[in-house]
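Q: Contents of model11.csv (CSV, C-alpha atoms) are below:
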```
chain,number,residue,atom,x,y,z
A,1,MET,CA,177.5,-9.0,-30.9
A,2,ALA,CA,176.0,-12.1,-29.4
A,3,ILE,CA,172.8,-10.3,-28.6
A,4,THR,CA,172.5,-9.1,-32.2
A,5,LEU,CA,173.0,-12.6,-33.5
A,6,SER,CA,170.4,-13.9,-31.1
A,7,LEU,CA,167.9,-11.3,-32.2
A,8,ILE,CA,168.5,-12.1,-35.9
A,9,SER,CA,168.1,-15.8,-35.2
A,10,PHE,CA,164.9,-15.2,-33.3
A,11,ALA,CA,163.4,-13.0,-36.1
A,12,ALA,CA,164.4,-15.7,-38.8
A,13,THR,CA,162.8,-18.5,-36.8
A,14,PHE,CA,159.6,-16.4,-36.2
A,15,ALA,CA,159.3,-15.6,-39.9
A,16,LEU,CA,159.7,-19.3,-40.8
A,17,LEU,CA,157.1,-20.4,-38.3
A,18,ASN,CA,154.6,-17.6,-39.0
A,19,PRO,CA,154.5,-16.9,-42.8
A,20,SER,CA,152.7,-13.7,-43.7
A,21,VAL,CA,149.5,-13.9,-45.6
A,22,VAL,CA,149.6,-12.2,-49.0
A,23,GLY,CA,147.1,-9.3,-49.2
A,24,ALA,CA,146.4,-9.2,-45.5
A,25,ALA,CA,146.3,-5.9,-43.7
A,26,THR,CA,147.2,-5.6,-40.1
A,27,ARG,CA,145.3,-3.4,-37.7
A,28,ALA,CA,145.3,-2.9,-34.0
A,29,VAL,CA,142.7,-4.8,-32.0
A,30,LEU,CA,141.6,-3.6,-28.7
A,31,GLU,CA,140.9,-6.2,-26.1
A,32,ARG,CA,137.4,-6.3,-24.8
A,33,PRO,CA,137.1,-6.9,-21.1
A,34,ALA,CA,135.6,-10.2,-20.2
A,35,VAL,CA,132.0,-9.8,-19.3
A,36,GLU,CA,130.9,-12.0,-16.4
A,37,HIS,CA,127.3,-13.1,-16.5
A,38,ARG,CA,126.1,-13.3,-13.0
A,39,SER,CA,122.6,-14.2,-12.1
A,40,ALA,CA,121.0,-12.8,-9.0
A,41,PRO,CA,121.8,-14.8,-6.0
A,42,THR,CA,119.1,-17.2,-4.9
A,43,VAL,CA,118.0,-16.3,-1.4
A,44,ILE,CA,116.7,-19.2,0.6
A,45,ALA,CA,114.8,-18.2,3.6
A,46,PRO,CA,115.4,-20.3,6.7
A,47,PHE,CA,112.5,-22.4,7.9
A,48,VAL,CA,111.9,-20.6,11.1
A,49,GLU,CA,108.4,-20.0,12.5
A,50,SER,CA,108.4,-16.9,14.6
A,51,ALA,CA,106.1,-16.8,17.6
A,52,PRO,CA,103.7,-13.9,17.8
A,53,PRO,CA,105.0,-11.2,20.1
A,54,GLY,CA,103.9,-11.6,23.7
A,55,PRO,CA,102.1,-9.0,25.7
A,56,PRO,CA,104.2,-6.0,26.6
A,57,THR,CA,105.8,-6.1,30.0
A,58,VAL,CA,107.7,-3.8,32.3
A,59,ARG,CA,110.7,-5.1,34.3
A,60,LEU,CA,110.5,-3.4,37.7
A,61,SER,CA,113.6,-3.3,40.0
A,62,SER,CA,114.3,-1.4,43.1
A,63,GLU,CA,117.1,-0.2,45.2
A,64,PRO,CA,117.1,-1.9,47.7
A,65,THR,CA,115.9,-5.1,46.1
A,66,GLY,CA,113.1,-7.1,47.8
A,67,ALA,CA,110.6,-4.2,48.0
A,68,ARG,CA,106.9,-5.1,48.1
A,69,VAL,CA,104.9,-4.1,45.0
A,70,ARG,CA,101.2,-3.4,45.5
A,71,ASP,CA,98.5,-2.0,43.2
A,72,SER,CA,96.6,1.2,44.0
A,73,LEU,CA,94.0,-0.9,45.9
A,74,GLY,CA,96.7,-2.4,48.2
A,75,ARG,CA,96.7,-5.9,46.6
A,76,ALA,CA,100.1,-7.5,46.6
A,77,ILE,CA,101.7,-8.0,43.2
A,78,GLY,CA,105.1,-9.3,44.2
A,79,THR,CA,108.5,-8.2,45.2
A,80,THR,CA,111.3,-6.6,43.2
A,81,PRO,CA,112.8,-7.5,40.8
A,82,THR,CA,109.6,-8.6,39.0
A,83,GLN,CA,108.0,-8.6,35.6
A,84,LEU,CA,104.7,-6.7,35.3
A,85,HIS,CA,102.1,-7.7,32.7
A,86,THR,CA,99.6,-5.0,33.7
A,87,ASP,CA,99.9,-1.3,33.9
A,88,GLY,CA,98.5,1.2,36.3
A,89,ASP,CA,99.3,2.9,39.6
A,90,LEU,CA,101.7,1.1,41.9
A,91,VAL,CA,103.0,1.5,45.5
A,92,ILE,CA,106.6,0.3,46.2
A,93,GLN,CA,107.3,-0.4,49.9
A,94,HIS,CA,110.3,-1.6,51.9
A,95,ASP,CA,110.9,-1.6,55.6
A,96,GLY,CA,113.0,1.3,56.7
A,97,TYR,CA,112.4,3.2,53.5
A,98,GLN,CA,109.8,5.7,52.3
A,99,GLU,CA,107.1,4.2,50.0
A,100,LYS,CA,107.1,5.4,46.4
A,101,HIS,CA,104.0,5.9,44.3
A,102,LEU,CA,104.3,5.6,40.5
A,103,SER,CA,102.1,5.1,37.4
A,104,LEU,CA,103.4,2.7,34.7
A,105,THR,CA,102.3,2.1,31.1
A,106,LEU,CA,103.4,-1.2,29.6
A,107,ARG,CA,106.0,-0.4,26.9
A,108,GLY,CA,108.5,-3.3,27.1
A,109,GLN,CA,110.9,-1.3,29.3
A,110,SER,CA,112.9,-1.6,32.5
A,111,VAL,CA,112.2,0.7,35.5
A,112,LEU,CA,114.5,1.1,38.5
A,113,VAL,CA,112.9,2.7,41.6
A,114,VAL,CA,115.3,4.1,44.2
A,115,LEU,CA,113.7,4.3,47.6
A,116,ALA,CA,114.8,6.9,50.1
A,117,ARG,CA,115.5,5.9,53.7
A,118,ASP,CA,113.1,6.9,56.4
A,119,ILE,CA,114.1,9.9,58.4
A,120,PRO,CA,113.6,9.2,62.1
A,121,GLU,CA,111.5,11.8,63.9
A,122,ILE,CA,113.4,13.8,66.5
A,123,GLN,CA,111.4,14.1,69.7
A,124,ASN,CA,111.8,17.2,71.8
A,125,PRO,CA,111.9,16.6,75.6
```
Now that the file is in, can you turn its structure into structure tokens?
A:
Amino acid sequence: MAITLSLISFAATFALLNPSVVGAATRAVLERPAVEHRSAPTVIAPFVESAPPGPPTVRLSSEPTGARVRDSLGRAIGTTPTQLHTDGDLVIQHDGYQEKHLSLTLRGQSVLVVLARDIPEIQNP
């Protein structure tokens, strides 16, 4: 009973505060979704000057390390590990190991050369 009186009281109050307009028709109105107007984001490029790419190199390592690197004419280039800035035929040498001959082309890569141990010659009496 209290609920019924409460609803009637609400309806009466609503009618007093919102009088109807004579001749007005009611119709359902669909809500339109809010349209967000977004502009394209502004891209700010960082102020970084890139250096031109350097010459291609090859990082040459060996197992064991410390092997001598020579060109095809026998000129010393360095010891492993090393960075090479020229390509061509190389000889890798280390005491107690067999020398290794290889041909490299500069491509910005790393090369690992594994040297085989020398096999001692067996002498027959």
Q: For each of A:Ala12, A:Val58, A:Leu84, A:Ala67, take the minimum atom-to-atom distance to Val114 of chain A, counting only C-alpha atoms, then give the residue where this is smallest.
A: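 That would be A:Ala67, the residue with the smallest distance to Val114 of chain A.
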Q: Taking the point (116.6, -6.6, 41.0) as given in the file, collect each protein or nucleic acid residue that comes within 7 Å of it, counting all atoms listed in the file, and present the set as a ChimeraX atom specification.
A: /A:61-62,65,80-81
Q: Using all atoms listed in the file, what residues lie at most 10 Å away from (100.3, -3.2, 41.1) (file coordinates), given as a PDB file with C-alpha atoms, in the coordinates of the input?
A:
```pdb
ATOM      1  CA  ARG A  68     106.900  -5.100  48.100  1.00  0.00           C
ATOM      2  CA  VAL A  69     104.900  -4.100  45.000  1.00  0.00           C
ATOM      3  CA  ARG A  70     101.200  -3.400  45.500  1.00  0.00           C
ATOM      4  CA  ASP A  71      98.500  -2.000  43.200  1.00  0.00           C
ATOM      5  CA  SER A  72      96.600   1.200  44.000  1.00  0.00           C
ATOM      6  CA  LEU A  73      94.000  -0.900  45.900  1.00  0.00           C
ATOM      7  CA  GLY A  74      96.700  -2.400  48.200  1.00  0.00           C
ATOM      8  CA  ARG A  75      96.700  -5.900  46.600  1.00  0.00           C
ATOM      9  CA  ALA A  76     100.100  -7.500  46.600  1.00  0.00           C
ATOM     10  CA  ILE A  77     101.700  -8.000  43.200  1.00  0.00           C
ATOM     11  CA  GLY A  78     105.100  -9.300  44.200  1.00  0.00           C
ATOM     12  CA  LEU A  84     104.700  -6.700  35.300  1.00  0.00           C
ATOM     13  CA  HIS A  85     102.100  -7.700  32.700  1.00  0.00           C
ATOM     14  CA  THR A  86      99.600  -5.000  33.700  1.00  0.00           C
ATOM     15  CA  ASP A  87      99.900  -1.300  33.900  1.00  0.00           C
ATOM     16  CA  GLY A  88      98.500   1.200  36.300  1.00  0.00           C
ATOM     17  CA  ASP A  89      99.300   2.900  39.600  1.00  0.00           C
ATOM     18  CA  LEU A  90     101.700   1.100  41.900  1.00  0.00           C
ATOM     19  CA  VAL A  91     103.000   1.500  45.500  1.00  0.00           C
ATOM     20  CA  ILE A  92     106.600   0.300  46.200  1.00  0.00           C
ATOM     21  CA  LEU A 102     104.300   5.600  40.500  1.00  0.00           C
ATOM     22  CA  SER A 103     102.100   5.100  37.400  1.00  0.00           C
ATOM     23  CA  LEU A 104     103.400   2.700  34.700  1.00  0.00           C
TER      24      LEU A 104
END
```
Q: One number please: atom CA of Gln109 of chain A to atom CA of Gln83 of chain A, in Å, one decimal.
A: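 For atom CA of Gln109 of chain A relative to atom CA of Gln83 of chain A, the distance reads 10.1 Å.
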Q: Would you work out the distance separating atom CA of Val111 of chain A from atom CA of Leu60 of chain A, expressed in Å to one decimal?
A: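 According to the coordinates, atom CA of Val111 of chain A and atom CA of Leu60 of chain A are separated by 5.0 Å.
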Q: Quote the spacing between atom CA of Thr57 of chain A and atom CA of His101 of chain A in Å to one decimal place.
A: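 So the two atoms, atom CA of Thr57 of chain A and atom CA of His101 of chain A, lie 18.8 Å apart.
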